[in-house]
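Please read the structure below before turning to the comments.
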Amino acid sequence: MAEVPDLTPLLCLLNFPKKAALGRFVSDVFECRFQGLTSSRKGQVKNELQLPSDVAVDEVVACLVGVIQAALYDSLSKEEIQELFAEDFHPALKGLLADIVTAQMAGWREASIKSMVSLPKFIGVEWRVDVKTASNGGAGRVCAEPVALVKLRVEGEPQMRGRMEPERAMHLELDKASMGTLVSTLSRIRDQLKSAN
């Protein structure tokens, strides 16, 4: 199980006036887990939780990040999340935090996977058949060859953890022979994937 810091600083979360405000704060912590809260959001939280300094806010954020990372990394259930806290930790707050984290887990897992540095993922393909024409200098003959113009759309390659890059497009021009090679190769890949299951 992932290492979790002392969670005592989280007791100040009892100062949130409503459960919804606590839920928003936990979501903000997840979204800002790499770069930290903005200074304006940090000041807002400091006032809401009646904390003495920005350092105290950073401690609360670090504790929440530890809980979130442990829950995501180990796919913890609500009960297992509650076990991360000391036995004498405020039981209602422990349960509420476990509920919030459990409710957000699927979306957070998907966001974490998407933000990982990895190879680009296929999004879609667009294509059309066109006729490429060329003339033979002074002989007056025109040569027409059908070609496929293909646009592959892929997710941008993440350069930094936690940041999504925009979609990219790759344009290809394929003649009959190139298209045959591509289709044959994709068919072999499909067959191998089928046999792997």
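Order determines the names: the first chain of the structure tokens is A, the second B, and so forth; residues in each chain are numbered 1 upward, and ligands are numbered 1 upward as they are shown.
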### Message
Give me, as a ChimeraX atom specification, all polymer residues having an atom no more than 8 Å from Lys176 of chain A, counting only C-alpha atoms and skipping those fewer than 3 positions away in the same chain.
### Response
/A:146-147,179-180
I need the chosen residues saved as an mmCIF file, in the first residue's frame, with all heavy atoms.
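The resulting result_21.cif:
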```cif
data_model
loop_
_atom_site.group_PDB
_atom_site.id
_atom_site.type_symbol
_atom_site.label_atom_id
_atom_site.label_comp_id
_atom_site.auth_asym_id
_atom_site.auth_seq_id
_atom_site.Cartn_x
_atom_site.Cartn_y
_atom_site.Cartn_z
ATOM 1 N N PRO A 146 -5.307 7.253 -59.611
ATOM 2 C CA PRO A 146 -6.101 7.438 -58.387
ATOM 3 C C PRO A 146 -5.216 7.271 -57.149
ATOM 4 O O PRO A 146 -4.352 6.400 -57.098
ATOM 5 C CB PRO A 146 -7.158 6.341 -58.470
ATOM 6 C CG PRO A 146 -6.579 5.305 -59.362
ATOM 7 C CD PRO A 146 -5.616 6.008 -60.293
ATOM 8 N N VAL A 147 -5.422 8.135 -56.159
ATOM 9 C CA VAL A 147 -4.704 8.051 -54.883
ATOM 10 C C VAL A 147 -5.704 8.253 -53.751
ATOM 11 O O VAL A 147 -6.738 8.886 -53.928
ATOM 12 C CB VAL A 147 -3.570 9.102 -54.768
ATOM 13 C CG1 VAL A 147 -2.464 8.830 -55.749
ATOM 14 C CG2 VAL A 147 -4.095 10.503 -54.915
ATOM 15 N N MET A 179 -1.527 1.431 -50.554
ATOM 16 C CA MET A 179 -2.761 1.110 -49.839
ATOM 17 C C MET A 179 -2.870 -0.394 -49.619
ATOM 18 O O MET A 179 -3.263 -0.845 -48.552
ATOM 19 C CB MET A 179 -3.977 1.637 -50.615
ATOM 20 C CG MET A 179 -5.299 1.369 -49.919
ATOM 21 S SD MET A 179 -5.420 2.079 -48.260
ATOM 22 C CE MET A 179 -5.699 3.776 -48.660
ATOM 23 N N GLY A 180 -2.502 -1.175 -50.621
ATOM 24 C CA GLY A 180 -2.531 -2.634 -50.470
ATOM 25 C C GLY A 180 -1.616 -3.096 -49.351
ATOM 26 O O GLY A 180 -1.979 -3.954 -48.536
#
```
### Task
Give me the residues within 12 Å of Val131 of chain A as an MDAnalysis selection string, counting only C-alpha atoms and dropping any in the same chain fewer than 5 places off.
chainID A and resid 142:149 173:176
Kindly save the residues from that selection, with all heavy atoms included, as a PDB file, in the first residue's frame.
```pdb
ATOM      1  N   VAL A 142      -1.627  13.161 -70.829  1.00  0.00           N
ATOM      2  CA  VAL A 142      -1.916  13.397 -69.414  1.00  0.00           C
ATOM      3  C   VAL A 142      -2.071  12.043 -68.737  1.00  0.00           C
ATOM      4  O   VAL A 142      -2.787  11.169 -69.224  1.00  0.00           O
ATOM      5  CB  VAL A 142      -3.204  14.230 -69.245  1.00  0.00           C
ATOM      6  CG1 VAL A 142      -3.547  14.372 -67.785  1.00  0.00           C
ATOM      7  CG2 VAL A 142      -3.037  15.588 -69.889  1.00  0.00           C
ATOM      8  N   CYS A 143      -1.369  11.891 -67.633  1.00  0.00           N
ATOM      9  CA  CYS A 143      -1.438  10.645 -66.863  1.00  0.00           C
ATOM     10  C   CYS A 143      -2.306  10.894 -65.626  1.00  0.00           C
ATOM     11  O   CYS A 143      -2.092  11.851 -64.895  1.00  0.00           O
ATOM     12  CB  CYS A 143      -0.026  10.233 -66.454  1.00  0.00           C
ATOM     13  SG  CYS A 143       0.035   8.730 -65.478  1.00  0.00           S
ATOM     14  N   ALA A 144      -3.295  10.051 -65.396  1.00  0.00           N
ATOM     15  CA  ALA A 144      -4.175  10.190 -64.229  1.00  0.00           C
ATOM     16  C   ALA A 144      -4.067   8.931 -63.383  1.00  0.00           C
ATOM     17  O   ALA A 144      -4.244   7.822 -63.880  1.00  0.00           O
ATOM     18  CB  ALA A 144      -5.614  10.415 -64.670  1.00  0.00           C
ATOM     19  N   GLU A 145      -3.757   9.131 -62.116  1.00  0.00           N
ATOM     20  CA  GLU A 145      -3.599   7.984 -61.197  1.00  0.00           C
ATOM     21  C   GLU A 145      -4.447   8.228 -59.956  1.00  0.00           C
ATOM     22  O   GLU A 145      -4.331   9.276 -59.311  1.00  0.00           O
ATOM     23  CB  GLU A 145      -2.126   7.855 -60.811  1.00  0.00           C
ATOM     24  CG  GLU A 145      -1.857   6.722 -59.864  1.00  0.00           C
ATOM     25  CD  GLU A 145      -0.393   6.671 -59.418  1.00  0.00           C
ATOM     26  OE1 GLU A 145       0.446   7.389 -59.979  1.00  0.00           O
ATOM     27  OE2 GLU A 145      -0.124   5.917 -58.477  1.00  0.00           O
ATOM     28  N   PRO A 146      -5.307   7.253 -59.611  1.00  0.00           N
ATOM     29  CA  PRO A 146      -6.101   7.438 -58.387  1.00  0.00           C
ATOM     30  C   PRO A 146      -5.216   7.271 -57.149  1.00  0.00           C
ATOM     31  O   PRO A 146      -4.352   6.400 -57.098  1.00  0.00           O
ATOM     32  CB  PRO A 146      -7.158   6.341 -58.470  1.00  0.00           C
ATOM     33  CG  PRO A 146      -6.579   5.305 -59.362  1.00  0.00           C
ATOM     34  CD  PRO A 146      -5.616   6.008 -60.293  1.00  0.00           C
ATOM     35  N   VAL A 147      -5.422   8.135 -56.159  1.00  0.00           N
ATOM     36  CA  VAL A 147      -4.704   8.051 -54.883  1.00  0.00           C
ATOM     37  C   VAL A 147      -5.704   8.253 -53.751  1.00  0.00           C
ATOM     38  O   VAL A 147      -6.738   8.886 -53.928  1.00  0.00           O
ATOM     39  CB  VAL A 147      -3.570   9.102 -54.768  1.00  0.00           C
ATOM     40  CG1 VAL A 147      -2.464   8.830 -55.749  1.00  0.00           C
ATOM     41  CG2 VAL A 147      -4.095  10.503 -54.915  1.00  0.00           C
ATOM     42  N   ALA A 148      -5.380   7.692 -52.616  1.00  0.00           N
ATOM     43  CA  ALA A 148      -6.201   7.898 -51.422  1.00  0.00           C
ATOM     44  C   ALA A 148      -5.508   8.948 -50.565  1.00  0.00           C
ATOM     45  O   ALA A 148      -4.304   8.851 -50.289  1.00  0.00           O
ATOM     46  CB  ALA A 148      -6.353   6.601 -50.647  1.00  0.00           C
ATOM     47  N   LEU A 149      -6.248   9.969 -50.175  1.00  0.00           N
ATOM     48  CA  LEU A 149      -5.742  10.986 -49.255  1.00  0.00           C
ATOM     49  C   LEU A 149      -6.316  10.650 -47.884  1.00  0.00           C
ATOM     50  O   LEU A 149      -7.531  10.650 -47.694  1.00  0.00           O
ATOM     51  CB  LEU A 149      -6.163  12.376 -49.713  1.00  0.00           C
ATOM     52  CG  LEU A 149      -5.683  12.775 -51.110  1.00  0.00           C
ATOM     53  CD1 LEU A 149      -6.256  14.127 -51.498  1.00  0.00           C
ATOM     54  CD2 LEU A 149      -4.173  12.794 -51.187  1.00  0.00           C
ATOM     55  N   GLU A 173      -0.655  10.302 -48.461  1.00  0.00           N
ATOM     56  CA  GLU A 173      -1.129  10.083 -49.827  1.00  0.00           C
ATOM     57  C   GLU A 173      -0.686   8.683 -50.202  1.00  0.00           C
ATOM     58  O   GLU A 173       0.505   8.368 -50.160  1.00  0.00           O
ATOM     59  CB  GLU A 173      -0.509  11.124 -50.768  1.00  0.00           C
ATOM     60  CG  GLU A 173      -0.969  10.963 -52.199  1.00  0.00           C
ATOM     61  CD  GLU A 173      -0.342  11.996 -53.113  1.00  0.00           C
ATOM     62  OE1 GLU A 173      -0.548  13.196 -52.876  1.00  0.00           O
ATOM     63  OE2 GLU A 173       0.364  11.577 -54.061  1.00  0.00           O
ATOM     64  N   LEU A 174      -1.634   7.831 -50.540  1.00  0.00           N
ATOM     65  CA  LEU A 174      -1.338   6.435 -50.820  1.00  0.00           C
ATOM     66  C   LEU A 174      -1.816   6.053 -52.213  1.00  0.00           C
ATOM     67  O   LEU A 174      -2.983   6.266 -52.549  1.00  0.00           O
ATOM     68  CB  LEU A 174      -2.020   5.523 -49.794  1.00  0.00           C
ATOM     69  CG  LEU A 174      -1.673   5.780 -48.320  1.00  0.00           C
ATOM     70  CD1 LEU A 174      -2.639   5.057 -47.416  1.00  0.00           C
ATOM     71  CD2 LEU A 174      -0.253   5.340 -48.041  1.00  0.00           C
ATOM     72  N   ASP A 175      -0.918   5.444 -53.006  1.00  0.00           N
ATOM     73  CA  ASP A 175      -1.353   4.902 -54.290  1.00  0.00           C
ATOM     74  C   ASP A 175      -1.872   3.486 -54.051  1.00  0.00           C
ATOM     75  O   ASP A 175      -1.922   3.012 -52.905  1.00  0.00           O
ATOM     76  CB  ASP A 175      -0.208   4.931 -55.307  1.00  0.00           C
ATOM     77  CG  ASP A 175       1.003   4.113 -54.868  1.00  0.00           C
ATOM     78  OD1 ASP A 175       0.885   3.315 -53.911  1.00  0.00           O
ATOM     79  OD2 ASP A 175       2.077   4.285 -55.469  1.00  0.00           O
ATOM     80  N   LYS A 176      -2.270   2.794 -55.126  1.00  0.00           N
ATOM     81  CA  LYS A 176      -2.869   1.457 -54.966  1.00  0.00           C
ATOM     82  C   LYS A 176      -1.924   0.492 -54.265  1.00  0.00           C
ATOM     83  O   LYS A 176      -2.332  -0.260 -53.381  1.00  0.00           O
ATOM     84  CB  LYS A 176      -3.271   0.886 -56.330  1.00  0.00           C
ATOM     85  CG  LYS A 176      -4.519   1.483 -56.904  1.00  0.00           C
ATOM     86  CD  LYS A 176      -4.863   0.811 -58.221  1.00  0.00           C
ATOM     87  CE  LYS A 176      -6.075   1.470 -58.851  1.00  0.00           C
ATOM     88  NZ  LYS A 176      -6.402   0.870 -60.149  1.00  0.00           N
TER      89      LYS A 176
END
```
### Message
Which residues are close to Ser112 of chain A, i.e. within 10 Å by only C-alpha atoms, leaving aside same-chain residues fewer than 2 positions away? Reply as a ChimeraX atom specification.
### Response
/A:30-31,72,106-110,114-116,161-162
### Task
Enumerate as a ChimeraX atom specification all residues of segment 92-125 of chain A assigned to helix (DSSP H, G or I) by DSSP on the backbone, naming them with the chain letters and numbers the document uses.
/A:92-114
Generate a file of the selected residues that holds C-alpha atoms, formatted as an mmCIF file, in the first residue's frame.
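Generated file (part05.cif):
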```cif
data_model
loop_
_atom_site.group_PDB
_atom_site.id
_atom_site.type_symbol
_atom_site.label_atom_id
_atom_site.label_comp_id
_atom_site.auth_asym_id
_atom_site.auth_seq_id
_atom_site.Cartn_x
_atom_site.Cartn_y
_atom_site.Cartn_z
ATOM 1 C CA ALA A 92 -17.606 11.550 10.534
ATOM 2 C CA LEU A 93 -14.845 13.396 8.627
ATOM 3 C CA LYS A 94 -13.062 10.127 7.903
ATOM 4 C CA GLY A 95 -16.288 8.687 6.447
ATOM 5 C CA LEU A 96 -17.083 11.823 4.458
ATOM 6 C CA LEU A 97 -13.608 11.986 2.905
ATOM 7 C CA ALA A 98 -13.805 8.276 2.043
ATOM 8 C CA ASP A 99 -17.209 8.876 0.396
ATOM 9 C CA ILE A 100 -15.901 11.819 -1.648
ATOM 10 C CA VAL A 101 -12.778 9.988 -2.822
ATOM 11 C CA THR A 102 -14.716 6.797 -3.636
ATOM 12 C CA ALA A 103 -17.320 8.748 -5.639
ATOM 13 C CA GLN A 104 -14.615 10.477 -7.709
ATOM 14 C CA MET A 105 -12.329 7.467 -8.148
ATOM 15 C CA ALA A 106 -13.437 6.334 -11.643
ATOM 16 C CA GLY A 107 -13.145 9.815 -13.155
ATOM 17 C CA TRP A 108 -9.837 10.477 -11.422
ATOM 18 C CA ARG A 109 -8.403 7.155 -12.592
ATOM 19 C CA GLU A 110 -9.354 7.960 -16.187
ATOM 20 C CA ALA A 111 -7.891 11.483 -15.903
ATOM 21 C CA SER A 112 -4.679 10.073 -14.392
ATOM 22 C CA ILE A 113 -4.279 7.549 -17.191
ATOM 23 C CA LYS A 114 -4.918 10.188 -19.861
#
```
### Query
When you draw a straight line from atom CA of Phe16 of chain A to atom CA of Leu51 of chain A, how long is it in Å?
11.7 Å
### Message
With only C-alpha atoms as the counted atoms, please give the residues lying no more than 12 Å from Val154 of chain A, apart from itself and same-chain residues fewer than 4 positions off, as number ranges by chain.
### Response
A: 119-126, 158, 165-171
### Query
Out of segment 6-162 of chain A, which residues get strand (DSSP E or B) from DSSP, as number ranges by chain?
A: 122-135, 142-154
Can you write out the residues you just picked, keeping C-alpha atoms, as a CSV table (one decimal), in the first residue's frame?
```
chain,number,residue,atom,x,y,z
A,122,PHE,CA,-5.7,6.9,-32.3
A,123,ILE,CA,-8.8,9.1,-32.4
A,124,GLY,CA,-10.1,8.7,-35.9
A,125,VAL,CA,-9.5,8.6,-39.7
A,126,GLU,CA,-10.8,10.7,-42.6
A,127,TRP,CA,-10.2,9.8,-46.2
A,128,ARG,CA,-11.1,10.5,-49.8
A,129,VAL,CA,-10.1,9.2,-53.2
A,130,ASP,CA,-8.6,11.7,-55.6
A,131,VAL,CA,-7.1,11.6,-59.1
A,132,LYS,CA,-3.6,12.8,-59.4
A,133,THR,CA,-2.8,14.1,-62.8
A,134,ALA,CA,0.5,14.8,-64.5
A,135,SER,CA,1.4,15.8,-68.0
A,142,VAL,CA,-1.9,13.4,-69.4
A,143,CYS,CA,-1.4,10.6,-66.9
A,144,ALA,CA,-4.2,10.2,-64.2
A,145,GLU,CA,-3.6,8.0,-61.2
A,146,PRO,CA,-6.1,7.4,-58.4
A,147,VAL,CA,-4.7,8.1,-54.9
A,148,ALA,CA,-6.2,7.9,-51.4
A,149,LEU,CA,-5.7,11.0,-49.3
A,150,VAL,CA,-5.9,9.8,-45.6
A,151,LYS,CA,-5.9,12.0,-42.5
A,152,LEU,CA,-5.1,10.1,-39.2
A,153,ARG,CA,-6.2,12.0,-36.1
A,154,VAL,CA,-4.3,11.1,-32.9
```
### Task
Have a look at atom CA of Asp88 of chain A and atom CA of Cys12 of chain A and let me know their distance in Å, one decimal.
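Between atom CA of Asp88 of chain A and atom CA of Cys12 of chain A the gap works out to 15.0 Å.
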### Task
Mind giving me the straight-line distance from atom CA of Val61 of chain A to atom CA of Leu22 of chain A in Å, one decimal?
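Pair atom CA of Val61 of chain A / atom CA of Leu22 of chain A returns 12.3 Å.
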### Summary
From the list A:Ser118, A:Thr185, A:Thr8, A:Ser75, the nearest residue to Ala56 of chain A using only C-alpha atoms is A:Thr8
